[in-house]
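Engineer: Okay, handing you the structure first.
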Amino acid sequence: MRLRSRHLVAIASLEPDEVELILDTAESFAEVGTREIKKVPTLRGKTVVNFFVEPSTRTRSSFELAEKRLSADAVNFSANSSSFVKGETLLDTARNLEAMVPDFIVIRHSEAGAPHFLARHSSCSIINAGDGAHEHPTQALLDAFTIRRRRPLRGLRVTIVGDILHSRVARSNILLLSKMGAQVTVCGPPSLMPPRIEALGCSATHDVDRSIEGADVVMALRLQLERMTRGYLPSLREYAKLYGLDSRRMQRAAPDAIVMHPGPMNRGVEITGDVADGERSVILEQVTNGVAVRMAVLYLLAGEVEREAAA
Amino acid sequence: MRLRSRHLVAIASLEPDEVELILDTAESFAEVGTREIKKVPTLRGKTVVNFFVEPSTRTRSSFELAEKRLSADAVNFSANSSSFVKGETLLDTARNLEAMVPDFIVIRHSEAGAPHFLARHSSCSIINAGDGAHEHPTQALLDAFTIRRRRPLRGLRVTIVGDILHSRVARSNILLLSKMGAQVTVCGPPSLMPPRIEALGCSATHDVDRSIEGADVVMALRLQLERMTRGYLPSLREYAKLYGLDSRRMQRAAPDAIVMHPGPMNRGVEITGDVADGERSVILEQVTNGVAVRMAVLYLLAGEVEREAAA
Amino acid sequence: MRLRSRHLVAIASLEPDEVELILDTAESFAEVGTREIKKVPTLRGKTVVNFFVEPSTRTRSSFELAEKRLSADAVNFSANSSSFVKGETLLDTARNLEAMVPDFIVIRHSEAGAPHFLARHSSCSIINAGDGAHEHPTQALLDAFTIRRRRPLRGLRVTIVGDILHSRVARSNILLLSKMGAQVTVCGPPSLMPPRIEALGCSATHDVDRSIEGADVVMALRLQLERMTRGYLPSLREYAKLYGLDSRRMQRAAPDAIVMHPGPMNRGVEITGDVADGERSVILEQVTNGVAVRMAVLYLLAGEVEREAAA
């Protein structure tokens, strides 16, 4: 069993057995993360360029930790220090990065499709760390991993609440969870729901209480506060009241339901503090698992590259 | 002999024997720094997150060099690239960093108390790299180490001149040096002296010439130039004339007195170039010693963590 | 055979045999760059501070990759995070960096002469990564290396087109290529040609078509777009028409001529896309070779330091 591509650009192009492979491999790396020395020599001598054209704390550092735990060398690029300010095209910057012959480029970009574009033109492995409102595949994989450690994905009822329209996390999660046999419902205000979202394999509603009814997993999405100033929302207070996860609302979920959030959280807006910190919350487990899942992705893609080189 | 905590957040909570232990350990690492290969495998496989929410060149790089010389993996966070811009709370960011299971978090923060706050909530070791106007414990330790290499701390007369009010360096130095038996005098313009500073264990005066009289160590503090625009000071020229260290003023000190400055210096303001570069100056020794002292702190705290884990 | 200095601050101070030594050494490192594991233990335990006081993507990352492939530890400083914002002088910052006892400081600075200044005051090796409009020696070395892999430098006809006035790349290339026996012609608009440039060892013209006639190598320089707003140029369209490299113009060059550009490119301004991506272009080879050449420079300078230490 192996991955079919040396890139990870979208959940959309993964088969269910590839998802299983990544999640199973992540289990081994999660075990490494509990040892006193969390480092393995797996990718010694390999180089990863972390090419972040959009600011990020947790995803960049989660990748960087994963790289260092695998003994790879990490070189960071960020938008501010990049030559994008000098007007170079993405393709030229990517070709330049690639000409330095790294083994991986991890890219976050504000434009949907940027990682696909690179993968088409690149001889090294491309990993999408979030592209515009399109996909964030490692986030969906770490979410699936976190859920699967609690219960099987097949048949599970998962509800995603919030700004579905702008959320690459929602998109990747819908694709991955429905692919693995879960029933996904998305819920948000009419102005923040994309038309025809059901085509991704989920059901959609504006009624948050009904959407949570009996759910095994409830995932709140981060609300980009600038949405309000752009007229998507009347007020934060209104949003919190109508769509925020609070303990009263969570009573509608299954008795053993878990609560997730991709972070960073706006406490008191999309989720209340008591729910975020409560017994059902697996929000910090998501963060911990992110490192293990990214180690698994790097490890498996490295294997693909070697296989291609040997062929 | 060991440290009593796995955190280093304040000089205030160190006992004299712990200070001695750190300074003695730093001697060994200072010796490592004179070898052709300055790297030891002590912290191989350990991860340090350098979490700097306030800009810093020398402290961040001094820690990073210390970490790399101990073979630890260093991951840098800075305020600009952090999700603080996205409105997350310090506690949530800290919990997230900690959920990635680093071994150490080195934190610099503009708010006094931030490292204490983290230490209370964190399962990894927290090292304070400067919090607001509160404490900068590794600076005080490297200052004490630098002085101690020249002469014993007990009974030494140390004068600290400048903006005492806003200086975490002054505060940590007063606490550490008085704890170790030195007599500390602080001196600065009335607008830049905190009330009741004597409670920390020093004497205080506005008369700079008298404060330097017979001193074994004279430490000039950096003057934050923005203090003037905020009305604390009439003019730089006035400050330099009244409180700047110059060679004439230094003649009042003990014949073998040394001159210190935590950097970066405003030459011609709080210190003249000839004093900064003169025979009595140990300013660059402070920088060199900073790496050794930070290696000692990391090494000793790592021991504490192991001890706790074994218990 | 060895280098005569432990610094690399300018092509002007290299002898032809030293250039040959660097280029020959780079051949070995270029071979390392084709292996599956591109890392060698040559500089294990050595520390390099990358001190970039002017933004840079490719040069900083090329150096960082070179350092990591040699197993050195790299610590990055950039202008934004540096204490320059706090008003410290270059000399004081440099002394501070040096007091932390790194083995190398790689410096990029907007002021011509900054690396010389550091080298005069520094006990570690200084490498100039570009200083103002003065020199960019590793760029010229990688350009020479790229050309030499195609044909011998002696007697070669090289034309450099563009903003000669502000280009450290042009200056270092003229010095290096003329030193190695090539005939260099520079060409640009009158407002962007320095007076007496011929003194560096080249001929100069404003007639781009004649300058390219029979050339073996044509190098287009990046046009800093802000030149226009400062009145050096009437319009981009005008510049592209009069001085841009296009396929029609390239027909005047030797049949096997190669095209170079130091990047980042303004496609459609100083070079057309079809020329940049055409068969004659070695622009991406330049990037790849940059890592090997910088590895060679670091390796050879480390040898000088050891020799001095042993002496």
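In the structure tokens, chains take letters A, B, ... by order of appearance, with residues numbered from 1 within each chain and ligands from 1 in the order shown.
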Would you give me, as an NGL selection string, the residues of chain B that come within 12 Å of chain A, using only C-alpha atoms?
Structural biologist: :B and (42-51 or 71-103 or 302 or 305-306 or 309-310)
Engineer: Assign secondary structure with DSSP using the backbone only, and return the residues of region 103-298 of chain B in strand (DSSP E or B) as a PyMOL selection string.
Structural biologist: chain B and resi 104-109+125-131+135+157-161+183-187+202-205+217-220+245+258-260+267+271+281
Engineer: In Å to one decimal, how far is CA of Asp163 (chain B) from CA of Pro189 (chain B)?
Structural biologist: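 Atom-to-atom, CA of Pro189 (chain B) and CA of Asp163 (chain B) are spaced 7.5 Å apart.
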Engineer: At a cut-off of 10 Å, using only C-alpha atoms, what residues contact region 254-256 of chain B? Leave out same-chain residues fewer than 5 positions from it and give the result as a VMD selection string.
Structural biologist: chain B and resid 150 157 212 to 218 279 to 280
Engineer: Write out, as a tab-separated table (two decimals), in the first residue's frame, the residues just selected, with N, CA and C atoms.
Structural biologist:
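Generated output (result-v8.tsv):
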```
chain	number	residue	atom	x	y	z
B	150	ARG	N	35.36	38.41	37.52
B	150	ARG	CA	36.35	39.42	37.89
B	150	ARG	C	36.57	39.47	39.40
B	157	ARG	N	30.27	46.68	45.60
B	157	ARG	CA	29.42	47.88	45.48
B	157	ARG	C	29.05	48.09	44.01
B	212	ILE	N	28.29	56.91	42.15
B	212	ILE	CA	29.42	56.20	41.53
B	212	ILE	C	30.64	56.18	42.45
B	213	GLU	N	30.65	57.07	43.39
B	213	GLU	CA	31.80	57.20	44.32
B	213	GLU	C	32.18	55.84	44.92
B	214	GLY	N	33.33	55.34	44.55
B	214	GLY	CA	33.83	54.10	45.14
B	214	GLY	C	33.19	52.81	44.63
B	215	ALA	N	32.35	52.92	43.60
B	215	ALA	CA	31.66	51.72	43.09
B	215	ALA	C	32.65	50.75	42.44
B	216	ASP	N	32.41	49.45	42.63
B	216	ASP	CA	33.22	48.42	41.97
B	216	ASP	C	32.69	48.10	40.58
B	217	VAL	N	31.38	48.28	40.41
B	217	VAL	CA	30.72	48.00	39.13
B	217	VAL	C	29.78	49.16	38.84
B	218	VAL	N	29.86	49.72	37.63
B	218	VAL	CA	28.90	50.75	37.22
B	218	VAL	C	28.19	50.25	35.98
B	279	GLU	N	39.12	50.38	28.71
B	279	GLU	CA	39.71	49.21	29.38
B	279	GLU	C	38.80	48.60	30.42
B	280	ARG	N	38.01	49.45	31.06
B	280	ARG	CA	37.14	48.97	32.15
B	280	ARG	C	35.87	48.31	31.64
```
Engineer: Name the residues in contact with Ala199 (chain A) at a cut-off of 12 Å, using only C-alpha atoms, excluding same-chain residues fewer than 5 positions from it; report them as an MDAnalysis selection string.
Structural biologist: chainID A and resid 171 174:175 178 184 194 204
